$ cat coords.pdb   # PDB, C-alpha atoms, pLDDT in the B column
MODEL        1
ATOM      1  CA  MET A   1     -16.246  43.982  11.939  1.00 50.00           C
ATOM      2  CA  LYS A   2     -14.999  44.531   8.377  1.00 53.00           C
ATOM      3  CA  LYS A   3     -11.394  44.724   9.635  1.00 55.00           C
ATOM      4  CA  LEU A   4     -11.843  41.438  11.502  1.00 48.00           C
ATOM      5  CA  ILE A   5     -13.187  39.705   8.382  1.00 52.00           C
ATOM      6  CA  LEU A   6     -10.368  41.155   6.249  1.00 53.00           C
ATOM      7  CA  ALA A   7      -7.783  40.004   8.825  1.00 53.00           C
ATOM      8  CA  ALA A   8      -9.288  36.484   8.836  1.00 52.00           C
ATOM      9  CA  ILE A   9      -9.157  36.323   5.017  1.00 58.00           C
ATOM     10  CA  VAL A  10      -5.516  37.471   4.952  1.00 55.00           C
ATOM     11  CA  LEU A  11      -4.610  34.965   7.689  1.00 49.00           C
ATOM     12  CA  CYS A  12      -6.335  32.101   5.840  1.00 49.00           C
ATOM     13  CA  GLY A  13      -4.659  33.058   2.565  1.00 51.00           C
ATOM     14  CA  THR A  14      -1.245  33.210   4.215  1.00 47.00           C
ATOM     15  CA  THR A  15      -1.772  29.869   5.955  1.00 47.00           C
ATOM     16  CA  MET A  16      -2.910  28.201   2.729  1.00 47.00           C
ATOM     17  CA  SER A  17       0.125  29.616   0.919  1.00 46.00           C
ATOM     18  CA  MET A  18       2.448  28.285   3.615  1.00 48.00           C
ATOM     19  CA  ASN A  19       0.761  24.862   3.583  1.00 48.00           C
ATOM     20  CA  ALA A  20       0.950  24.631  -0.204  1.00 48.00           C
ATOM     21  CA  GLN A  21       4.733  24.911   0.054  1.00 57.00           C
ATOM     22  CA  SER A  22       4.886  22.042   2.553  1.00 91.00           C
ATOM     23  CA  ILE A  23       3.042  19.557   0.329  1.00 96.00           C
ATOM     24  CA  LYS A  24       4.948  17.518  -2.233  1.00 96.00           C
ATOM     25  CA  PHE A  25       3.342  15.220  -4.787  1.00 98.00           C
ATOM     26  CA  GLY A  26       5.018  12.331  -6.514  1.00 98.00           C
ATOM     27  CA  LEU A  27       4.980   9.046  -8.365  1.00 98.00           C
ATOM     28  CA  LYS A  28       6.332   5.679  -7.277  1.00 98.00           C
ATOM     29  CA  ALA A  29       6.587   2.145  -8.622  1.00 98.00           C
ATOM     30  CA  GLY A  30       8.230  -1.064  -7.565  1.00 98.00           C
ATOM     31  CA  ILE A  31       8.103  -4.793  -7.002  1.00 98.00           C
ATOM     32  CA  ASN A  32       6.006  -6.838  -4.580  1.00 97.00           C
ATOM     33  CA  TYR A  33       6.982 -10.111  -2.977  1.00 96.00           C
ATOM     34  CA  ALA A  34       3.491 -11.242  -1.943  1.00 93.00           C
ATOM     35  CA  ASN A  35       2.162 -14.279  -0.104  1.00 90.00           C
ATOM     36  CA  GLN A  36      -0.927 -15.446   1.716  1.00 86.00           C
ATOM     37  CA  SER A  37      -1.012 -17.024   5.152  1.00 83.00           C
ATOM     38  CA  GLY A  38      -3.711 -18.931   6.945  1.00 76.00           C
ATOM     39  CA  SER A  39      -5.637 -22.156   6.886  1.00 65.00           C
ATOM     40  CA  GLY A  40      -8.437 -23.721   4.931  1.00 56.00           C
ATOM     41  CA  ILE A  41      -6.700 -23.657   1.557  1.00 59.00           C
ATOM     42  CA  THR A  42      -8.149 -26.708  -0.201  1.00 56.00           C
ATOM     43  CA  VAL A  43      -9.452 -27.507  -3.668  1.00 54.00           C
ATOM     44  CA  ASN A  44     -11.768 -30.513  -3.954  1.00 53.00           C
ATOM     45  CA  SER A  45     -10.530 -31.714  -0.539  1.00 52.00           C
ATOM     46  CA  ASP A  46      -6.896 -31.677  -1.756  1.00 60.00           C
ATOM     47  CA  ASN A  47      -4.434 -29.703   0.333  1.00 64.00           C
ATOM     48  CA  PHE A  48      -2.107 -27.306  -1.439  1.00 69.00           C
ATOM     49  CA  ASP A  49       1.218 -25.786  -0.444  1.00 75.00           C
ATOM     50  CA  LYS A  50       1.541 -22.069  -1.078  1.00 79.00           C
ATOM     51  CA  GLU A  51       4.450 -20.078  -2.431  1.00 86.00           C
ATOM     52  CA  ALA A  52       4.987 -16.336  -2.753  1.00 90.00           C
ATOM     53  CA  ILE A  53       4.604 -14.524  -6.057  1.00 92.00           C
ATOM     54  CA  THR A  54       6.567 -11.598  -7.433  1.00 94.00           C
ATOM     55  CA  SER A  55       4.374  -8.812  -8.766  1.00 95.00           C
ATOM     56  CA  TYR A  56       4.292  -5.008  -8.901  1.00 97.00           C
ATOM     57  CA  HIS A  57       2.775  -1.793  -7.543  1.00 98.00           C
ATOM     58  CA  ALA A  58       2.588   1.763  -8.901  1.00 98.00           C
ATOM     59  CA  GLY A  59       0.814   4.971  -8.030  1.00 98.00           C
ATOM     60  CA  LEU A  60       0.680   8.482  -6.642  1.00 98.00           C
ATOM     61  CA  ILE A  61       1.901   9.891  -3.329  1.00 98.00           C
ATOM     62  CA  ALA A  62       1.534  13.131  -1.400  1.00 98.00           C
ATOM     63  CA  GLU A  63       3.856  14.140   1.422  1.00 97.00           C
ATOM     64  CA  ILE A  64       2.336  16.665   3.825  1.00 97.00           C
ATOM     65  CA  ASN A  65       4.969  18.109   6.155  1.00 96.00           C
ATOM     66  CA  ILE A  66       3.471  18.843   9.559  1.00 96.00           C
ATOM     67  CA  THR A  67       6.686  19.713  11.390  1.00 95.00           C
ATOM     68  CA  GLU A  68      10.364  19.518  10.487  1.00 93.00           C
ATOM     69  CA  GLY A  69      10.565  15.932  11.744  1.00 95.00           C
ATOM     70  CA  PHE A  70       7.076  14.616  10.979  1.00 97.00           C
ATOM     71  CA  ALA A  71       4.913  14.247   7.869  1.00 97.00           C
ATOM     72  CA  ILE A  72       1.802  12.394   6.700  1.00 98.00           C
ATOM     73  CA  GLN A  73       2.058  10.487   3.417  1.00 98.00           C
ATOM     74  CA  PRO A  74      -1.204   9.310   1.814  1.00 98.00           C
ATOM     75  CA  GLU A  75      -0.807   7.172  -1.297  1.00 98.00           C
ATOM     76  CA  LEU A  76      -3.034   5.819  -4.063  1.00 98.00           C
ATOM     77  CA  LEU A  77      -1.532   2.607  -5.472  1.00 98.00           C
ATOM     78  CA  TYR A  78      -2.433  -0.248  -7.775  1.00 98.00           C
ATOM     79  CA  SER A  79      -0.888  -3.314  -6.156  1.00 97.00           C
ATOM     80  CA  THR A  80      -1.023  -6.993  -7.115  1.00 93.00           C
ATOM     81  CA  GLN A  81      -0.863  -9.627  -4.392  1.00 91.00           C
ATOM     82  CA  GLY A  82      -1.641 -13.303  -3.933  1.00 86.00           C
ATOM     83  CA  ALA A  83       0.143 -16.646  -3.956  1.00 85.00           C
ATOM     84  CA  THR A  84       0.823 -19.772  -5.970  1.00 84.00           C
ATOM     85  CA  TYR A  85      -0.761 -23.013  -4.743  1.00 78.00           C
ATOM     86  CA  LYS A  86       0.819 -26.399  -5.552  1.00 79.00           C
ATOM     87  CA  ASN A  87       0.310 -30.059  -4.836  1.00 75.00           C
ATOM     88  CA  ALA A  88       1.934 -33.130  -6.423  1.00 69.00           C
ATOM     89  CA  THR A  89       0.078 -32.779  -9.735  1.00 76.00           C
ATOM     90  CA  GLU A  90      -1.372 -29.270 -10.016  1.00 76.00           C
ATOM     91  CA  GLU A  91      -0.362 -25.624  -9.681  1.00 77.00           C
ATOM     92  CA  PHE A  92      -2.665 -22.580  -9.413  1.00 76.00           C
ATOM     93  CA  LYS A  93      -1.686 -18.912  -9.313  1.00 78.00           C
ATOM     94  CA  ASN A  94      -4.083 -16.592  -7.504  1.00 78.00           C
ATOM     95  CA  GLU A  95      -3.288 -12.953  -8.361  1.00 86.00           C
ATOM     96  CA  LEU A  96      -5.392 -10.187  -6.811  1.00 88.00           C
ATOM     97  CA  GLY A  97      -5.293  -6.579  -8.047  1.00 93.00           C
ATOM     98  CA  TYR A  98      -6.017  -3.967  -5.371  1.00 96.00           C
ATOM     99  CA  LEU A  99      -6.473  -0.222  -5.217  1.00 97.00           C
ATOM    100  CA  SER A 100      -4.479   0.351  -2.018  1.00 98.00           C
ATOM    101  CA  ILE A 101      -4.656   3.524   0.056  1.00 98.00           C
ATOM    102  CA  PRO A 102      -1.969   3.616   2.745  1.00 98.00           C
ATOM    103  CA  VAL A 103      -1.859   6.668   5.037  1.00 98.00           C
ATOM    104  CA  LEU A 104       1.546   6.704   6.673  1.00 98.00           C
ATOM    105  CA  ALA A 105       3.022   8.721   9.495  1.00 98.00           C
ATOM    106  CA  LYS A 106       6.602   9.598   8.494  1.00 98.00           C
ATOM    107  CA  PHE A 107       9.009  10.040  11.395  1.00 98.00           C
ATOM    108  CA  LYS A 108      12.086  11.701   9.914  1.00 96.00           C
ATOM    109  CA  LEU A 109      15.154  10.187  11.558  1.00 97.00           C
ATOM    110  CA  SER A 110      17.452  12.421   9.469  1.00 96.00           C
ATOM    111  CA  ASN A 111      17.256  14.439   6.235  1.00 92.00           C
ATOM    112  CA  ALA A 112      17.786  11.223   4.280  1.00 96.00           C
ATOM    113  CA  LEU A 113      15.930   8.588   6.335  1.00 98.00           C
ATOM    114  CA  SER A 114      12.391   8.218   7.697  1.00 98.00           C
ATOM    115  CA  LEU A 115      10.398   5.519   9.478  1.00 98.00           C
ATOM    116  CA  ASP A 116       6.937   5.062   7.913  1.00 98.00           C
ATOM    117  CA  LEU A 117       4.008   3.534   9.861  1.00 98.00           C
ATOM    118  CA  GLY A 118       0.281   3.453   9.276  1.00 98.00           C
ATOM    119  CA  PRO A 119      -2.919   1.745   8.141  1.00 98.00           C
ATOM    120  CA  GLN A 120      -3.757   0.634   4.623  1.00 98.00           C
ATOM    121  CA  ALA A 121      -7.199   0.117   3.087  1.00 97.00           C
ATOM    122  CA  SER A 122      -7.371  -1.975  -0.096  1.00 96.00           C
ATOM    123  CA  PHE A 123     -10.237  -2.456  -2.520  1.00 96.00           C
ATOM    124  CA  LEU A 124     -10.252  -5.482  -4.846  1.00 92.00           C
ATOM    125  CA  LEU A 125     -10.308  -4.442  -8.519  1.00 92.00           C
ATOM    126  CA  SER A 126      -9.395  -7.692 -10.268  1.00 88.00           C
ATOM    127  CA  GLU A 127      -8.971 -11.366  -9.519  1.00 83.00           C
ATOM    128  CA  ARG A 128      -6.995 -13.552 -11.857  1.00 77.00           C
ATOM    129  CA  GLU A 129      -6.711 -17.202 -10.982  1.00 65.00           C
ATOM    130  CA  ASN A 130      -6.384 -20.422 -12.915  1.00 55.00           C
ATOM    131  CA  VAL A 131      -9.271 -22.015 -11.057  1.00 46.00           C
ATOM    132  CA  ASP A 132     -12.221 -20.648  -9.099  1.00 49.00           C
ATOM    133  CA  PHE A 133     -11.517 -22.297  -5.753  1.00 44.00           C
ATOM    134  CA  LYS A 134     -12.116 -19.358  -3.399  1.00 52.00           C
ATOM    135  CA  LYS A 135     -13.945 -16.063  -3.698  1.00 70.00           C
ATOM    136  CA  SER A 136     -11.955 -13.072  -2.510  1.00 75.00           C
ATOM    137  CA  GLU A 137     -13.191 -10.330  -0.213  1.00 83.00           C
ATOM    138  CA  THR A 138     -13.682  -6.958  -1.909  1.00 87.00           C
ATOM    139  CA  PHE A 139     -12.158  -4.966   0.997  1.00 93.00           C
ATOM    140  CA  GLU A 140      -9.029  -5.603   3.011  1.00 92.00           C
ATOM    141  CA  PHE A 141      -7.472  -3.654   5.874  1.00 95.00           C
ATOM    142  CA  GLY A 142      -3.792  -3.877   6.785  1.00 96.00           C
ATOM    143  CA  ALA A 143      -0.905  -2.316   8.665  1.00 98.00           C
ATOM    144  CA  ALA A 144       2.203  -0.987   6.911  1.00 98.00           C
ATOM    145  CA  ALA A 145       5.705  -0.318   8.221  1.00 98.00           C
ATOM    146  CA  GLY A 146       8.853   0.616   6.349  1.00 98.00           C
ATOM    147  CA  LEU A 147      11.751   2.936   5.674  1.00 98.00           C
ATOM    148  CA  THR A 148      12.251   5.709   3.117  1.00 98.00           C
ATOM    149  CA  VAL A 149      15.690   6.781   1.939  1.00 98.00           C
ATOM    150  CA  ASN A 150      15.830  10.169   0.188  1.00 97.00           C
ATOM    151  CA  LEU A 151      18.657  10.011  -2.353  1.00 97.00           C
ATOM    152  CA  THR A 152      18.066  13.643  -3.368  1.00 96.00           C
ATOM    153  CA  LYS A 153      15.309  16.167  -2.572  1.00 93.00           C
ATOM    154  CA  SER A 154      13.237  14.578  -5.331  1.00 95.00           C
ATOM    155  CA  ILE A 155      14.334  10.921  -5.710  1.00 98.00           C
ATOM    156  CA  PHE A 156      13.623   8.325  -3.021  1.00 98.00           C
ATOM    157  CA  LEU A 157      13.737   4.581  -2.342  1.00 98.00           C
ATOM    158  CA  GLN A 158      11.302   2.774  -0.044  1.00 98.00           C
ATOM    159  CA  GLY A 159      11.099  -0.621   1.581  1.00 98.00           C
ATOM    160  CA  ARG A 160       7.844  -1.642   3.251  1.00 98.00           C
ATOM    161  CA  TYR A 161       6.045  -4.612   4.782  1.00 98.00           C
ATOM    162  CA  VAL A 162       2.236  -4.700   4.712  1.00 97.00           C
ATOM    163  CA  ALA A 163       0.425  -7.276   6.854  1.00 95.00           C
ATOM    164  CA  GLY A 164      -3.223  -7.969   6.124  1.00 92.00           C
ATOM    165  CA  LEU A 165      -5.367  -7.704   9.256  1.00 93.00           C
ATOM    166  CA  THR A 166      -8.639  -8.875   7.681  1.00 91.00           C
ATOM    167  CA  GLU A 167      -9.450 -11.986   5.683  1.00 84.00           C
ATOM    168  CA  ALA A 168      -8.698 -11.925   1.946  1.00 81.00           C
ATOM    169  CA  SER A 169     -11.084 -14.806   1.169  1.00 76.00           C
ATOM    170  CA  ARG A 170     -14.723 -15.467   2.005  1.00 74.00           C
ATOM    171  CA  ASN A 171     -14.267 -19.233   2.297  1.00 71.00           C
ATOM    172  CA  ALA A 172     -10.867 -19.654   3.937  1.00 70.00           C
ATOM    173  CA  GLU A 173      -8.886 -18.010   6.705  1.00 79.00           C
ATOM    174  CA  ILE A 174      -6.341 -16.335   4.411  1.00 83.00           C
ATOM    175  CA  LYS A 175      -4.562 -13.021   4.920  1.00 89.00           C
ATOM    176  CA  ASN A 176      -2.345 -11.201   2.435  1.00 91.00           C
ATOM    177  CA  SER A 177       1.163 -10.057   3.248  1.00 94.00           C
ATOM    178  CA  VAL A 178       3.552  -8.233   0.967  1.00 97.00           C
ATOM    179  CA  VAL A 179       7.081  -6.854   0.982  1.00 98.00           C
ATOM    180  CA  GLN A 180       7.379  -3.845  -1.328  1.00 98.00           C
ATOM    181  CA  VAL A 181      10.517  -2.195  -2.711  1.00 98.00           C
ATOM    182  CA  SER A 182       9.898   1.068  -4.583  1.00 98.00           C
ATOM    183  CA  ALA A 183      11.603   3.961  -6.283  1.00 98.00           C
ATOM    184  CA  GLY A 184       9.920   7.296  -6.743  1.00 98.00           C
ATOM    185  CA  PHE A 185      10.087  10.943  -7.625  1.00 97.00           C
ATOM    186  CA  LYS A 186       8.632  13.908  -5.651  1.00 96.00           C
ATOM    187  CA  PHE A 187       8.023  17.302  -7.244  1.00 93.00           C
TER     188      PHE A 187
ENDMDL
END
$ encode --input "coords.pdb" --output "structure tokens"
Amino acid sequence: MKKLILAAIVLCGTTMSMNAQSIKFGLKAGINYANQSGSGITVNSDNFDKEAITSYHAGLIAEINITEGFAIQPELLYSTQGATYKNATEEFKNELGYLSIPVLAKFKLSNALSLDLGPQASFLLSERENVDFKKSETFEFGAAAGLTVNLTKSIFLQGRYVAGLTEASRNAEIKNSVVQVSAGFKF
């Protein structure tokens, strides 16, 4: 029995050592081109046209290699999204700050290129708008898809599209969408 327990401990220690070598951590930052789609966007019965805003995202990543051609990449990002609303006389910018947690499946197409797909949960941290015309939801769920290009073993570029699947506002049928371009470093 003691030999079995000792063998299990050695096996677990070896497995944990091997797994620790297949996990890389990193930092990333980049720009967002964010917009909102949907209906019911009115202020005092006036209809507004919406335009995309340029904002930013930054945060931490972990890449967990499962096999040679497949990895899981959870991230913890601060990301700003929203839109600008305009009519003939007024303009309002609605900027929402989220703590976003994408968990992406990375399908490695080559050593330098991977296809990234997965869900994203976002929690509203801040809401900056020029006028209080809609109250935002505190949780949003979305789907992310993109590509990663590894320039070196440590430096990478990413392009990603995130489509909101749940409503971003309590009072209107609005969903966030964002195109993200990032650069990062894995160590």
$ resolve_selection --input "coords.pdb" --expression "the PyMOL selection byres ((chain A and resi 165) around 7)" --output "list in words"
Phe141, Gly142, Ala163, Gly164, Thr166, Glu167 and Lys175 of chain A
$ closest_residue --input "coords.pdb" --among "A:Lys86, A:Ile61, A:Thr138, A:Phe70" --to "Val103 in chain A" --atoms "all atoms listed in the file"
A:Ile61
$ resolve_selection --input "coords.pdb" --expression "the PyMOL selection byres ((chain A and resi 145) around 10)" --output "PyMOL selection string"
chain A and resi 104-106+115-119+143-144+146-147+159-163+179
$ resolve_selection --input "coords.pdb" --expression "the PyMOL selection byres ((chain A and resi 148) around 6)" --output "list in words"
Leu113, Ser114, Leu147, Val149, Leu157 and Gln158 of chain A
$ write_last_selection --input "coords.pdb" --atoms "C-alpha atoms" --output "PDB file, keeping the file's coordinate frame"
ATOM      1  CA  LEU A 113      15.930   8.588   6.335  1.00 98.00           C
ATOM      2  CA  SER A 114      12.391   8.218   7.697  1.00 98.00           C
ATOM      3  CA  LEU A 147      11.751   2.936   5.674  1.00 98.00           C
ATOM      4  CA  VAL A 149      15.690   6.781   1.939  1.00 98.00           C
ATOM      5  CA  LEU A 157      13.737   4.581  -2.342  1.00 98.00           C
ATOM      6  CA  GLN A 158      11.302   2.774  -0.044  1.00 98.00           C
TER       7      GLN A 158
END
$ residues_around --input "coords.pdb" --residues "Lys153 in chain A" --least-positions-apart "4" --cutoff "9 Å" --atoms "all atoms listed in the file" --output "PyMOL selection string"
chain A and resi 112+185-187
$ atom_distance --input "coords.pdb" --atom1 "CA of Ser122 in chain A" --atom2 "CA of Glu137 in chain A"
10.2 Å
$ residues_around --input "coords.pdb" --residues "range 94-101 of chain A" --least-positions-apart "2" --cutoff "6 Å" --atoms "all atoms listed in the file" --output "list in words"
Glu75, Leu76, Leu77, Tyr78, Ser79, Thr80, Gln81, Gly82, Ala83, Gln120, Ala121, Ser122, Phe123, Leu124, Leu125, Ser126, Glu127, Arg128 and Glu129 of chain A
$ atom_distance --input "coords.pdb" --atom1 "CA of Glu173 in chain A" --atom2 "CA of Ser37 in chain A"
8.1 Å
$ atom_distance --input "coords.pdb" --atom1 "CA of Asn35 in chain A" --atom2 "CA of Ile53 in chain A"
6.4 Å
$ closest_residue --input "coords.pdb" --among "A:Asn32, A:Ser169, A:Thr152, A:Ser22" --to "Ser136 in chain A" --atoms "only C-alpha atoms"
A:Ser169
$ closest_residue --input "coords.pdb" --among "A:Lys50, A:Ala71, A:Ala34, A:Asn150" --to "Glu90 in chain A" --atoms "all atoms listed in the file"
A:Lys50
$ closest_residue --input "coords.pdb" --among "A:Phe156, A:Tyr85, A:Phe139, A:Phe25" --to "Ile64 in chain A" --atoms "only C-alpha atoms"
A:Phe25
$ residues_around --input "coords.pdb" --residues "Tyr33 in chain A" --least-positions-apart "5" --cutoff "9 Å" --atoms "only C-alpha atoms" --output "ChimeraX atom specification"
/A:52-56,81,177-181
